[in-house]
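Everything below concerns the one structure shown next.
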Amino acid sequence: APRRFDLVVGADGMHSTVRRLVFGPERQFVSDLGLYGATVPLEPDAIEDPSEMTMLTAPNRMLVLHPSRTTPLAIFTFRAAQPAP
């Protein structure tokens, strides 16, 4: 039944029912930027200094070695001219 509230908090993330109820269909807000990424877990000793993150960049590409909290990660990001099918 309809009710009135002074404040409503919806915190269930992207692609959520709460977002759809509040803002409408997602398709009106989505804009493909052609950015893609992948994350790969690394061995615990793969990064020498757990307080540092290393970033290597080139036009439209990036590799990040991130110590993370538990498992070090290699993060690959790239931009493509056309969206994936």
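By convention in this document, the chains of the structure tokens carry letters A, B, ... by their order, each chain's residues are numbered from 1, and ligands are numbered from 1 in the order they are shown.
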
DSSP-assigned helix (DSSP H, G or I) members of chain A, reported as an NGL selection string: :A and (17-23 or 26-28)

Straight-line distance linking CA of Ala81 (chain A) with CA of Leu63 (chain A), stated in Å to one decimal: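 Computing the Euclidean distance for CA of Ala81 (chain A) and CA of Leu63 (chain A) yields 18.7 Å.
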
Shell around region 31-42 of chain A at 7 Å using only C-alpha atoms, local window under 5 positions removed, as a ChimeraX atom specification: /A:71-83

Selection file, N, CA, C and O atoms, as a CSV table (one decimal), in the first residue's frame:
```csv
chain,number,residue,atom,x,y,z
A,71,THR,N,44.7,-10.6,-1.6
A,71,THR,CA,45.4,-11.3,-2.7
A,71,THR,C,45.8,-10.2,-3.7
A,71,THR,O,44.9,-9.5,-4.2
A,72,PRO,N,47.1,-10.1,-4.1
A,72,PRO,CA,47.5,-9.1,-5.1
A,72,PRO,C,46.8,-9.4,-6.4
A,72,PRO,O,46.4,-10.5,-6.7
A,73,LEU,N,46.6,-8.3,-7.2
A,73,LEU,CA,45.8,-8.4,-8.4
A,73,LEU,C,46.6,-7.8,-9.6
A,73,LEU,O,47.2,-6.7,-9.4
A,74,ALA,N,46.4,-8.3,-10.7
A,74,ALA,CA,46.8,-7.7,-12.0
A,74,ALA,C,45.5,-7.2,-12.6
A,74,ALA,O,44.6,-8.0,-12.8
A,75,ILE,N,45.4,-5.9,-13.0
A,75,ILE,CA,44.2,-5.4,-13.5
A,75,ILE,C,44.5,-4.9,-14.9
A,75,ILE,O,45.3,-4.0,-15.1
A,76,PHE,N,43.9,-5.5,-15.9
A,76,PHE,CA,44.1,-5.1,-17.3
A,76,PHE,C,42.9,-4.3,-17.8
A,76,PHE,O,41.7,-4.7,-17.6
A,77,THR,N,43.1,-3.1,-18.4
A,77,THR,CA,42.0,-2.3,-18.9
A,77,THR,C,42.4,-1.8,-20.3
A,77,THR,O,43.5,-1.5,-20.5
A,78,PHE,N,41.4,-1.8,-21.1
A,78,PHE,CA,41.7,-1.3,-22.5
A,78,PHE,C,40.4,-0.6,-23.0
A,78,PHE,O,39.3,-0.9,-22.6
A,79,ARG,N,40.6,0.2,-24.0
A,79,ARG,CA,39.5,0.9,-24.7
A,79,ARG,C,39.4,0.4,-26.1
A,79,ARG,O,40.4,0.2,-26.8
A,80,ALA,N,38.2,0.0,-26.6
A,80,ALA,CA,38.0,-0.5,-27.9
A,80,ALA,C,37.1,0.6,-28.7
A,80,ALA,O,36.2,1.2,-28.1
A,81,ALA,N,37.4,0.7,-30.0
A,81,ALA,CA,36.6,1.6,-30.8
A,81,ALA,C,35.2,1.3,-30.9
A,81,ALA,O,34.3,2.1,-30.9
A,82,GLN,N,34.9,0.0,-30.9
A,82,GLN,CA,33.5,-0.5,-31.1
A,82,GLN,C,33.1,-1.3,-29.9
A,82,GLN,O,33.9,-2.1,-29.4
A,83,PRO,N,31.9,-1.2,-29.4
A,83,PRO,CA,31.5,-2.1,-28.3
A,83,PRO,C,31.5,-3.6,-28.6
A,83,PRO,O,31.3,-3.9,-29.8
```

d(CA of Leu7 (chain A), CA of Arg27 (chain A)) in Å: 26.4 Å

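Put simply, CA of Pro25 (chain A) is 21.3 Å away from CA of Pro2 (chain A).
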
Backbone-only DSSP, strand (DSSP E) members of region 8-85 of chain A, as a PyMOL selection string: chain A and resi 35-41+54-58+61-66+73-79

Counting only C-alpha atoms, the residue of A:Ala1, A:Val8, A:Leu65, A:Leu21 that sits nearest Ser51 (chain A): A:Leu65

Pick from A:Arg3, A:Thr57, A:Pro67, A:Arg19 nearest to Glu43 (chain A), counting only C-alpha atoms: A:Pro67

All residues 12 Å or closer to Val22 (chain A), only C-alpha atoms, same chain fewer than 6 positions away omitted, as a list in words: Val8, Val9, Gly10, Ala11, His15 and Ser16 of chain A
